[in-house]
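Student: Following this line is work23.pdb, made up of PDB, C-alpha atoms:
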ATOM      1  CA  MET G1241     -41.894  71.242 120.321
ATOM      2  CA  ALA G1242     -42.515  70.708 116.616
ATOM      3  CA  THR G1243     -39.082  72.197 115.861
ATOM      4  CA  ILE G1244     -37.365  69.825 118.320
ATOM      5  CA  ALA G1245     -39.225  66.841 116.829
ATOM      6  CA  ARG G1246     -38.231  67.948 113.319
ATOM      7  CA  PHE G1247     -34.607  68.409 114.425
ATOM      8  CA  ARG G1248     -34.598  64.938 116.003
ATOM      9  CA  ALA G1249     -36.057  63.340 112.874
ATOM     10  CA  THR G1250     -33.493  65.122 110.642
ATOM     11  CA  ALA G1251     -30.599  64.132 112.926
ATOM     12  CA  ARG G1252     -31.849  60.510 113.027
ATOM     13  CA  ALA G1253     -32.168  60.384 109.239
ATOM     14  CA  GLY G1254     -28.712  61.990 108.832
ATOM     15  CA  GLY G1255     -27.141  59.552 111.295
ATOM     16  CA  ALA G1256     -28.746  56.559 109.574
ATOM     17  CA  PHE G1257     -27.597  57.842 106.167
ATOM     18  CA  ILE G1258     -23.962  58.234 107.316
ATOM     19  CA  ALA G1259     -24.003  54.832 109.054
ATOM     20  CA  LYS G1260     -25.304  53.226 105.824
ATOM     21  CA  LEU G1261     -22.752  55.137 103.751
ATOM     22  CA  VAL G1262     -19.873  54.013 105.992
ATOM     23  CA  ALA G1263     -20.978  50.376 105.700
ATOM     24  CA  SER G1264     -21.515  50.448 101.894
ATOM     25  CA  ARG G1265     -19.273  48.530  99.508
ATOM     26  CA  ASP G1266     -18.760  51.545  97.198
ATOM     27  CA  MET G1267     -17.459  53.559 100.138
ATOM     28  CA  ARG G1268     -15.021  50.770 101.001
ATOM     29  CA  ARG G1269     -13.798  50.603  97.390
ATOM     30  CA  TRP G1270     -13.370  54.396  97.365
ATOM     31  CA  PHE G1271     -11.309  54.500 100.562
ATOM     32  CA  GLU G1272      -9.215  51.467  99.673
ATOM     33  CA  SER G1273      -8.206  52.470  96.140
ATOM     34  CA  ILE G1274      -9.159  55.937  94.836
ATOM     35  CA  HIS G1275      -8.864  57.997  98.017
ATOM     36  CA  PRO G1276      -5.272  56.959  98.952
ATOM     37  CA  ALA G1277      -4.158  57.729  95.379
ATOM     38  CA  LEU G1278      -5.799  61.168  95.513
ATOM     39  CA  THR G1279      -4.185  61.830  98.910
ATOM     40  CA  LEU G1280      -0.762  60.890  97.564
ATOM     41  CA  ILE G1281      -1.169  63.169  94.511
ATOM     42  CA  ALA G1282      -2.328  66.075  96.700
ATOM     43  CA  MET G1283       0.580  65.549  99.125
ATOM     44  CA  LEU G1284       3.139  65.471  96.317
ATOM     45  CA  ALA G1285       1.607  68.651  94.855
ATOM     46  CA  ALA G1286       1.732  70.275  98.319
ATOM     47  CA  ILE G1287       5.419  69.365  98.758
ATOM     48  CA  TYR G1288       6.249  70.723  95.299
ATOM     49  CA  LEU G1289       4.451  73.996  95.997
ATOM     50  CA  VAL G1290       6.029  74.417  99.451
ATOM     51  CA  PHE G1291       9.615  73.701  98.407
ATOM     52  CA  VAL G1292       9.752  74.850  94.770
ATOM     53  CA  TYR G1293       6.874  77.120  93.785
ATOM     54  CA  VAL G1294       6.035  79.466  96.666
ATOM     55  CA  PRO G1295       8.174  82.626  97.105
ATOM     56  CA  THR G1296      10.240  82.995 100.272
ATOM     57  CA  ASP G1297       8.787  85.322 102.889
ATOM     58  CA  ARG G1298      10.635  88.669 103.004
ATOM     59  CA  GLU G1299      10.550  89.035 106.810
ATOM     60  CA  GLN G1300      10.929  85.482 108.144
ATOM     61  CA  GLY G1301      12.853  83.876 105.305
ATOM     62  CA  ILE G1302      12.755  80.142 104.599
ATOM     63  CA  ILE G1303      11.452  79.191 108.076
ATOM     64  CA  GLN G1304       8.016  80.634 107.177
ATOM     65  CA  ARG G1305       7.492  77.539 104.973
ATOM     66  CA  ILE G1306       6.742  75.526 108.137
ATOM     67  CA  PHE G1307       3.499  77.490 108.251
ATOM     68  CA  TYR G1308       2.097  75.610 105.175
ATOM     69  CA  PHE G1309       2.004  72.363 107.158
ATOM     70  CA  HIS G1310       1.653  73.763 110.685
ATOM     71  CA  VAL G1311      -1.632  75.623 110.087
ATOM     72  CA  PRO G1312      -3.429  72.836 108.113
ATOM     73  CA  LEU G1313      -2.339  70.407 110.869
ATOM     74  CA  ALA G1314      -3.925  72.739 113.447
ATOM     75  CA  MET G1315      -7.093  72.924 111.331
ATOM     76  CA  MET G1316      -7.227  69.124 111.089
ATOM     77  CA  THR G1317      -6.899  69.014 114.889
ATOM     78  CA  TYR G1318      -9.990  71.241 115.115
ATOM     79  CA  LEU G1319     -11.803  68.987 112.644
ATOM     80  CA  ALA G1320     -10.802  65.845 114.545
ATOM     81  CA  VAL G1321     -11.972  67.290 117.864
ATOM     82  CA  GLY G1322     -15.240  68.477 116.251
ATOM     83  CA  THR G1323     -15.743  64.942 114.913
ATOM     84  CA  VAL G1324     -15.107  63.468 118.395
ATOM     85  CA  ALA G1325     -17.714  65.827 119.896
ATOM     86  CA  LEU G1326     -20.287  65.077 117.174
ATOM     87  CA  GLY G1327     -19.702  61.308 117.236
ATOM     88  CA  SER G1328     -19.783  61.251 121.046
ATOM     89  CA  ALA G1329     -23.025  63.257 121.206
ATOM     90  CA  ILE G1330     -24.742  60.928 118.723
ATOM     91  CA  TYR G1331     -23.367  57.881 120.560
ATOM     92  CA  LEU G1332     -24.729  59.137 123.901
ATOM     93  CA  TRP G1333     -28.059  59.949 122.302
ATOM     94  CA  ARG G1334     -28.603  56.957 120.017
ATOM     95  CA  GLY G1335     -26.143  54.389 121.414
ATOM     96  CA  SER G1336     -24.742  53.801 117.899
ATOM     97  CA  ARG G1337     -21.472  51.810 117.866
ATOM     98  CA  VAL G1338     -20.585  53.243 114.428
ATOM     99  CA  TRP G1339     -20.513  56.774 115.872
ATOM    100  CA  ASP G1340     -18.540  55.657 118.896
ATOM    101  CA  ARG G1341     -15.935  54.130 116.579
ATOM    102  CA  ILE G1342     -15.812  57.360 114.542
ATOM    103  CA  ALA G1343     -15.343  59.407 117.749
ATOM    104  CA  HIS G1344     -12.624  57.065 119.045
ATOM    105  CA  SER G1345     -10.735  57.139 115.732
ATOM    106  CA  ALA G1346     -11.042  60.934 115.467
ATOM    107  CA  ALA G1347      -9.668  61.331 119.022
ATOM    108  CA  GLU G1348      -6.591  59.328 118.055
ATOM    109  CA  LEU G1349      -6.127  61.506 114.966
ATOM    110  CA  GLY G1350      -6.714  64.626 117.059
ATOM    111  CA  VAL G1351      -3.851  63.628 119.364
ATOM    112  CA  LEU G1352      -1.648  62.759 116.369
ATOM    113  CA  PHE G1353      -2.257  66.068 114.559
ATOM    114  CA  CYS G1354      -2.075  68.098 117.781
ATOM    115  CA  SER G1355       1.289  66.431 118.563
ATOM    116  CA  LEU G1356       2.531  67.521 115.135
ATOM    117  CA  VAL G1357       1.277  71.066 115.773
ATOM    118  CA  LEU G1358       3.113  71.099 119.123
ATOM    119  CA  ILE G1359       6.307  69.818 117.454
ATOM    120  CA  THR G1360       6.328  72.037 114.345
ATOM    121  CA  GLY G1361       5.298  75.188 116.290
ATOM    122  CA  PRO G1362       8.338  75.287 118.601
ATOM    123  CA  ILE G1363      10.650  74.412 115.674
ATOM    124  CA  TRP G1364       9.335  77.583 113.982
ATOM    125  CA  GLY G1365       9.380  79.513 117.285
ATOM    126  CA  LYS G1366      13.048  78.904 118.133
ATOM    127  CA  PRO G1367      14.567  80.929 115.248
ATOM    128  CA  VAL G1368      11.729  83.494 115.143
ATOM    129  CA  TRP G1369      10.995  84.089 118.865
ATOM    130  CA  GLY G1370      14.362  82.898 120.191
ATOM    131  CA  THR G1371      12.718  80.268 122.425
ATOM    132  CA  TRP G1372      11.231  76.801 121.941
ATOM    133  CA  TRP G1373       8.254  77.422 124.205
ATOM    134  CA  THR G1374       6.463  80.240 125.974
ATOM    135  CA  TRP G1375       3.324  80.082 128.124
ATOM    136  CA  ASP G1376       1.375  82.092 125.590
ATOM    137  CA  ALA G1377      -2.465  81.781 125.666
ATOM    138  CA  ARG G1378      -2.757  79.895 122.367
ATOM    139  CA  LEU G1379       0.173  77.572 123.054
ATOM    140  CA  THR G1380      -1.058  76.761 126.556
ATOM    141  CA  ALA G1381      -4.641  76.148 125.367
ATOM    142  CA  THR G1382      -3.308  73.837 122.620
ATOM    143  CA  LEU G1383      -1.253  71.877 125.152
ATOM    144  CA  ILE G1384      -4.368  71.540 127.343
ATOM    145  CA  LEU G1385      -6.290  70.202 124.318
ATOM    146  CA  TRP G1386      -3.560  67.607 123.732
ATOM    147  CA  LEU G1387      -3.709  66.553 127.405
ATOM    148  CA  ILE G1388      -7.528  66.248 127.333
ATOM    149  CA  TYR G1389      -7.539  63.945 124.294
ATOM    150  CA  ALA G1390      -4.531  61.974 125.521
ATOM    151  CA  ALA G1391      -6.632  61.382 128.676
ATOM    152  CA  TYR G1392      -9.553  60.353 126.416
ATOM    153  CA  LEU G1393      -7.361  57.697 124.747
ATOM    154  CA  MET G1394      -6.045  56.481 128.112
ATOM    155  CA  LEU G1395      -9.617  56.158 129.362
ATOM    156  CA  ARG G1396     -10.537  54.121 126.274
ATOM    157  CA  SER G1397      -7.612  51.786 126.782
ATOM    158  CA  VAL G1398      -8.169  51.163 130.522
ATOM    159  CA  ALA G1399     -11.980  50.931 130.260
ATOM    160  CA  PRO G1400     -12.742  49.252 126.920
ATOM    161  CA  GLY G1401     -16.421  48.427 127.632
ATOM    162  CA  GLU G1402     -19.623  50.380 127.159
ATOM    163  CA  GLN G1403     -19.191  52.316 130.407
ATOM    164  CA  GLY G1404     -15.717  53.478 129.361
ATOM    165  CA  ALA G1405     -17.135  54.560 125.998
ATOM    166  CA  ARG G1406     -19.829  56.637 127.730
ATOM    167  CA  TYR G1407     -17.364  58.384 130.076
ATOM    168  CA  ALA G1408     -14.998  59.016 127.166
ATOM    169  CA  ALA G1409     -17.885  60.462 125.121
ATOM    170  CA  VAL G1410     -18.580  63.011 127.880
ATOM    171  CA  LEU G1411     -14.869  63.918 128.026
ATOM    172  CA  GLY G1412     -14.785  64.161 124.215
ATOM    173  CA  ILE G1413     -17.657  66.673 124.214
ATOM    174  CA  VAL G1414     -16.322  68.756 127.130
ATOM    175  CA  GLY G1415     -12.798  68.800 125.633
ATOM    176  CA  ALA G1416     -14.120  70.368 122.425
ATOM    177  CA  LEU G1417     -14.934  73.539 124.380
ATOM    178  CA  ASP G1418     -11.192  74.279 124.243
ATOM    179  CA  ILE G1419     -11.348  74.768 120.449
ATOM    180  CA  PRO G1420     -13.034  78.222 120.451
ATOM    181  CA  ILE G1421     -10.597  79.285 123.210
ATOM    182  CA  ILE G1422      -7.581  78.243 121.084
ATOM    183  CA  ASN G1423      -9.043  79.861 117.992
ATOM    184  CA  ARG G1424      -9.942  83.190 119.615
ATOM    185  CA  ALA G1425      -6.930  83.373 122.009
ATOM    186  CA  VAL G1426      -4.932  85.560 119.594
ATOM    187  CA  TYR G1427      -7.791  88.086 119.466
ATOM    188  CA  TRP G1428      -8.893  87.958 123.134
ATOM    189  CA  TRP G1429      -5.481  88.252 124.802
ATOM    190  CA  ARG G1430      -2.142  89.887 124.048
ATOM    191  CA  THR G1431      -0.296  86.887 122.654
ATOM    192  CA  ILE G1432       2.890  86.648 120.648
ATOM    193  CA  HIS G1433       1.419  83.908 118.428
ATOM    194  CA  PRO G1434       0.783  85.352 114.944
ATOM    195  CA  ALA G1435      -2.795  85.564 113.622
ATOM    196  CA  VAL G1436      -1.991  84.085 110.226
ATOM    197  CA  ILE G1437      -5.224  83.581 108.290
ATOM    198  CA  GLN G1438      -6.830  86.803 109.473
ATOM    199  CA  ASN G1439      -4.803  89.639 110.991
ATOM    200  CA  ARG G1440      -5.933  91.232 114.251
ATOM    201  CA  ASP G1441      -7.158  94.273 112.274
ATOM    202  CA  GLY G1442      -9.417  91.985 110.158
ATOM    203  CA  SER G1443      -7.310  92.013 106.975
ATOM    204  CA  THR G1444      -6.167  88.775 105.345
ATOM    205  CA  GLY G1445      -2.859  87.396 106.567
ATOM    206  CA  LEU G1446      -1.957  85.841 103.200
ATOM    207  CA  ALA G1447      -1.868  88.513 100.509
ATOM    208  CA  ASP G1448       0.310  86.748  97.894
ATOM    209  CA  PRO G1449      -1.758  84.556  95.480
ATOM    210  CA  ALA G1450       1.064  81.980  95.265
ATOM    211  CA  MET G1451       1.052  81.671  99.051
ATOM    212  CA  GLN G1452      -2.743  81.353  99.050
ATOM    213  CA  LEU G1453      -2.605  78.568  96.427
ATOM    214  CA  THR G1454       0.112  76.705  98.356
ATOM    215  CA  PHE G1455      -1.804  77.003 101.594
ATOM    216  CA  ALA G1456      -5.074  75.847  99.973
ATOM    217  CA  THR G1457      -3.329  72.817  98.396
ATOM    218  CA  CYS G1458      -1.778  71.827 101.737
ATOM    219  CA  LEU G1459      -5.167  72.179 103.400
ATOM    220  CA  VAL G1460      -6.830  69.898 100.803
ATOM    221  CA  ALA G1461      -3.966  67.364 101.088
ATOM    222  CA  PHE G1462      -4.299  67.191 104.878
ATOM    223  CA  LEU G1463      -8.088  67.013 104.674
ATOM    224  CA  LEU G1464      -7.793  64.006 102.337
ATOM    225  CA  LEU G1465      -5.211  62.441 104.665
ATOM    226  CA  PHE G1466      -7.447  63.017 107.696
ATOM    227  CA  LEU G1467     -10.467  61.387 106.002
ATOM    228  CA  TRP G1468      -8.393  58.405 104.870
ATOM    229  CA  LEU G1469      -6.873  57.865 108.314
ATOM    230  CA  LEU G1470     -10.302  58.235 109.917
ATOM    231  CA  TRP G1471     -11.618  55.545 107.594
ATOM    232  CA  ILE G1472      -8.792  53.035 108.140
ATOM    233  CA  ARG G1473      -8.802  53.496 111.928
ATOM    234  CA  SER G1474     -12.625  53.196 112.132
ATOM    235  CA  ASP G1475     -12.412  50.043 110.027
ATOM    236  CA  ASN G1476      -9.746  48.783 112.421
ATOM    237  CA  LEU G1477     -12.100  49.308 115.370
ATOM    238  CA  ARG G1478     -14.940  47.626 113.418
ATOM    239  CA  LEU G1479     -12.741  44.541 113.052
ATOM    240  CA  GLN G1480     -12.054  44.645 116.794
ATOM    241  CA  ASP G1481     -15.817  44.662 117.454
ATOM    242  CA  SER G1482     -16.302  41.730 115.039
ATOM    243  CA  ILE G1483     -13.685  39.767 116.963
ATOM    244  CA  GLU G1484     -15.480  40.475 120.210
ATOM    245  CA  ASP G1485     -18.758  39.203 118.662
ATOM    246  CA  LEU G1486     -17.064  36.061 117.329
ATOM    247  CA  ARG G1487     -15.491  35.437 120.744
ATOM    248  CA  GLN G1488     -18.893  35.670 122.399
ATOM    249  CA  ARG G1489     -20.308  33.212 119.859
ATOM    250  CA  ALA G1490     -17.361  30.858 120.369
ATOM    251  CA  LEU G1491     -17.920  30.960 124.146
ATOM    252  CA  GLN G1492     -21.633  30.187 123.715
ATOM    253  CA  THR G1493     -21.040  27.119 121.483
TER     254      THR G1493
ATOM    255  CA  MET B  72      19.686  79.492 103.422
ATOM    256  CA  LYS B  73      19.468  80.467 107.084
ATOM    257  CA  ASN B  74      17.357  78.171 109.299
ATOM    258  CA  LEU B  75      17.232  75.369 106.721
ATOM    259  CA  ASN B  76      17.981  72.831 109.477
ATOM    260  CA  TYR B  77      14.815  73.921 111.365
ATOM    261  CA  LEU B  78      12.724  73.557 108.222
ATOM    262  CA  PHE B  79      14.216  70.126 107.583
ATOM    263  CA  ALA B  80      13.563  69.060 111.205
ATOM    264  CA  ALA B  81       9.914  70.177 111.086
ATOM    265  CA  TYR B  82       9.066  68.372 107.842
ATOM    266  CA  THR B  83      10.984  65.267 108.884
ATOM    267  CA  ALA B  84       9.064  65.145 112.188
ATOM    268  CA  VAL B  85       5.739  65.376 110.332
ATOM    269  CA  TRP B  86       6.561  62.588 107.881
ATOM    270  CA  VAL B  87       8.191  60.277 110.405
ATOM    271  CA  LEU B  88       5.279  60.518 112.860
ATOM    272  CA  LEU B  89       2.662  60.061 110.122
ATOM    273  CA  PHE B  90       4.581  57.114 108.692
ATOM    274  CA  PHE B  91       4.777  55.342 112.063
ATOM    275  CA  TYR B  92       1.100  55.969 112.752
ATOM    276  CA  ILE B  93       0.043  54.472 109.400
ATOM    277  CA  LEU B  94       2.413  51.546 109.974
ATOM    278  CA  SER B  95       0.945  50.895 113.438
ATOM    279  CA  VAL B  96      -2.642  50.930 112.084
ATOM    280  CA  ALA B  97      -1.672  48.572 109.243
ATOM    281  CA  ARG B  98      -0.009  46.189 111.722
ATOM    282  CA  ARG B  99      -3.028  46.230 114.036
ATOM    283  CA  ASN B 100      -5.300  45.542 111.037
ATOM    284  CA  ARG B 101      -3.231  42.569 109.930
ATOM    285  CA  SER B 102      -3.179  40.988 113.389
ATOM    286  CA  LEU B 103      -6.954  41.549 113.771
ATOM    287  CA  GLU B 104      -7.660  39.895 110.406
ATOM    288  CA  GLU B 105      -5.555  36.909 111.443
ATOM    289  CA  GLU B 106      -7.443  36.693 114.729
ATOM    290  CA  ILE B 107     -10.786  36.782 112.870
ATOM    291  CA  ASP B 108      -9.655  33.953 110.572
ATOM    292  CA  ASP B 109      -8.587  31.862 113.600
ATOM    293  CA  LEU B 110     -11.901  32.445 115.372
ATOM    294  CA  ARG B 111     -13.912  31.626 112.222
ATOM    295  CA  GLU B 112     -11.957  28.403 111.826
ATOM    296  CA  LEU B 113     -12.562  27.550 115.494
ATOM    297  CA  LEU B 114     -16.307  28.144 115.099
ATOM    298  CA  ARG B 115     -16.435  26.066 111.887
ATOM    299  CA  ARG B 116     -14.652  23.188 113.626
ATOM    300  CA  SER B 117     -16.902  23.315 116.670
ATOM    301  CA  ASP B 118     -20.004  23.373 114.363
ATOM    302  CA  ARG B 119     -18.687  20.259 112.598
ATOM    303  CA  THR B 120     -18.045  18.521 115.922
ATOM    304  CA  ASP B 121     -21.591  19.360 117.072
ATOM    305  CA  LYS B 122     -23.044  17.923 113.846
ATOM    306  CA  GLY B 123     -20.933  14.761 114.254
ATOM    307  CA  ASN B 124     -22.200  14.275 117.816
ATOM    308  CA  HIS B 125     -25.844  14.638 116.679
ATOM    309  CA  ASP B 126     -25.337  12.072 113.871
TER     310      ASP B 126
END
Re-express the file's structure as structure tokens.
Tutor:
Amino acid sequence: MATIARFRATARAGGAFIAKLVASRDMRRWFESIHPALTLIAMLAAIYLVFVYVPTDREQGIIQRIFYFHVPLAMMTYLAVGTVALGSAIYLWRGSRVWDRIAHSAAELGVLFCSLVLITGPIWGKPVWGTWWTWDARLTATLILWLIYAAYLMLRSVAPGEQGARYAAVLGIVGALDIPIINRAVYWWRTIHPAVIQNRDGSTGLADPAMQLTFATCLVAFLLLFLWLLWIRSDNLRLQDSIEDLRQRALQT
Amino acid sequence: MKNLNYLFAAYTAVWVLLFFYILSVARRNRSLEEEIDDLRELLRRSDRTDKGNHD
């Protein structure tokens, strides 16, 4: 019991800290000036490394370079879905609008990044596998994830009130259960999807240091982009809430 | 340079989709800010009218 109480107090303090941080003026200044500049620099560095610096893969040739954007995009999808689940859980527990806005924004980004994964994957698959699409375990699970979060966004648009937010929060949490399935699919089943970061025998999939540096830079660039987009979309939803409040006040006067 | 067209298509898709998403968020933000300004103005005017009626 004492452990649960301690956990609750820590989670409450953490939630309050993040809510305060999100609302602070310094945070706003950071996301409106410094962060976009950093994202742009990281993206330009990533493009330079992908197209100029990194050596061409001996087996796949130039098409392997899709991997440097495809995998970070998939990782950002995981992060977005994790954020939806976390934000939704805190919203259901504490009823905090800030966390609901974070979850809603992250779901939109999850669908965006997952769409990009589902576009770039088949473009790589066509010359390598000889087909645009196959009902492979990882591909199918990823498509299911996209459908779940597209449904989440549809639910939010047809039911904009508090009830819609609660139903969407439940869907957001349940949908996240697909992430471990996608991640482990290449190890659990016989799939043709490559296990890039870690080979099936446990060895690292990226042996060349130049490839590792390029991949790491792309990952940082997409992480910065994800955080910036999460901020601007959450701020967008905050404005929407302010309008709703002002409308209520206008109706009362 | 085999498969260069596939590489070009993949990177173009990424940038085009990201660009349109950012553009759509920026547009939504602008229209929301305008709506807030209109509502604030409406509230200010109705406050003034209320004061005038009391005087």
Student: Counting all atoms listed in the file, which residues from chain B have an atom at most 7 Å from any atom of chain G, and could you show them as JSON, numbers by chain?
Tutor: {"B": [74, 75, 77, 78, 81, 85, 96, 100, 103, 107, 110, 114]}
Student: Could you work out how far CA of Pro1312 in chain G lies from CA of Thr1371 in chain G, giving the answer in Å with one decimal?
Tutor: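 Those two atoms sit 22.8 Å apart.
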Student: Hey, what's within 9 Å of Arg1396 in chain G if we count all atoms listed in the file and toss same-chain stuff fewer than 3 positions away? As a list in words, please?
Tutor: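 Answer for this query is His1344, Ala1391, Tyr1392, Leu1393, Ala1399, Pro1400, Gly1401, Gly1404, Ala1405, Tyr1407 and Ala1408 of chain G.
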Student: Can you measure CA of Leu1319 in chain G to CA of Thr1457 in chain G for me? One decimal in Å is fine.
Tutor: 17.0 Å
Student: Could you write out as an MDAnalysis selection string the residues that the PyMOL selection byres ((chain G and resi 1414-1422) around 8) matches in the shown file?
Tutor: chainID G and resid 1318 1321:1322 1325 1377:1378 1381:1382 1384:1385 1388:1389 1410:1413 1423:1426
Student: To one decimal in Å, tell me the separation between CA of Ala84 in chain B and CA of Leu1464 in chain G.
Tutor: 19.6 Å
Student: Evaluated on this file, the PyMOL selection byres ((chain G and resi 1342) around 9) picks out some residues - which ones are they, written as a list of chain:residue names?
Tutor: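 Taken over the shown coordinates, the PyMOL selection byres ((chain G and resi 1342) around 9) returns G:Thr1323, G:Val1324, G:Gly1327, G:Ser1328, G:Arg1337, G:Val1338, G:Trp1339, G:Asp1340, G:Arg1341, G:Ala1343, G:His1344, G:Ser1345, G:Ala1346, G:Ala1347, G:Leu1470, G:Trp1471, G:Arg1473, G:Ser1474, G:Leu1477.
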Student: Which centre and which edge lengths, in Å to one decimal, describe the axis-aligned box that holds all listed atoms of range 91-108 of chain B after 5 Å is added on each side, as JSON?
Tutor:
{"center_x": -3.0, "center_y": 45.0, "center_z": 112.0, "size_x": 25.6, "size_y": 32.0, "size_z": 15.5}
Student: Using only C-alpha atoms, give me every residue within 12 Å of (-6.9, 73.1, 100.3) in file coordinates, as a list of chain:residue names.
Tutor: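 Here the neighbourhood of the point contains G:Thr1279, G:Ala1282, G:Met1283, G:Ala1285, G:Ala1286, G:Tyr1308, G:Phe1309, G:Val1311, G:Pro1312, G:Leu1313, G:Met1315, G:Met1316, G:Met1451, G:Gln1452, G:Leu1453, G:Thr1454, G:Phe1455, G:Ala1456, G:Thr1457, G:Cys1458, G:Leu1459, G:Val1460, G:Ala1461, G:Phe1462, G:Leu1463, G:Leu1464, G:Leu1465.
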Student: Could you dump the residues just selected with C-alpha atoms as a compact mmCIF listing (two decimals), in the frame of the given file?
Tutor:
# COMPACT_ATOMS: atom_id res chain seq x y z
CA THR G 1279 -4.18 61.83 98.91
CA ALA G 1282 -2.33 66.08 96.70
CA MET G 1283 0.58 65.55 99.12
CA ALA G 1285 1.61 68.65 94.86
CA ALA G 1286 1.73 70.28 98.32
CA TYR G 1308 2.10 75.61 105.18
CA PHE G 1309 2.00 72.36 107.16
CA VAL G 1311 -1.63 75.62 110.09
CA PRO G 1312 -3.43 72.84 108.11
CA LEU G 1313 -2.34 70.41 110.87
CA MET G 1315 -7.09 72.92 111.33
CA MET G 1316 -7.23 69.12 111.09
CA MET G 1451 1.05 81.67 99.05
CA GLN G 1452 -2.74 81.35 99.05
CA LEU G 1453 -2.60 78.57 96.43
CA THR G 1454 0.11 76.70 98.36
CA PHE G 1455 -1.80 77.00 101.59
CA ALA G 1456 -5.07 75.85 99.97
CA THR G 1457 -3.33 72.82 98.40
CA CYS G 1458 -1.78 71.83 101.74
CA LEU G 1459 -5.17 72.18 103.40
CA VAL G 1460 -6.83 69.90 100.80
CA ALA G 1461 -3.97 67.36 101.09
CA PHE G 1462 -4.30 67.19 104.88
CA LEU G 1463 -8.09 67.01 104.67
CA LEU G 1464 -7.79 64.01 102.34
CA LEU G 1465 -5.21 62.44 104.66
Student: If we count all atoms listed in the file, what is near Phe1271 in chain G at a cut-off of 9 Å, once residues fewer than 3 positions away on the same chain are taken out, given as a ChimeraX atom specification?
Tutor: /G:1266-1268,1274-1276,1467-1468,1471-1472
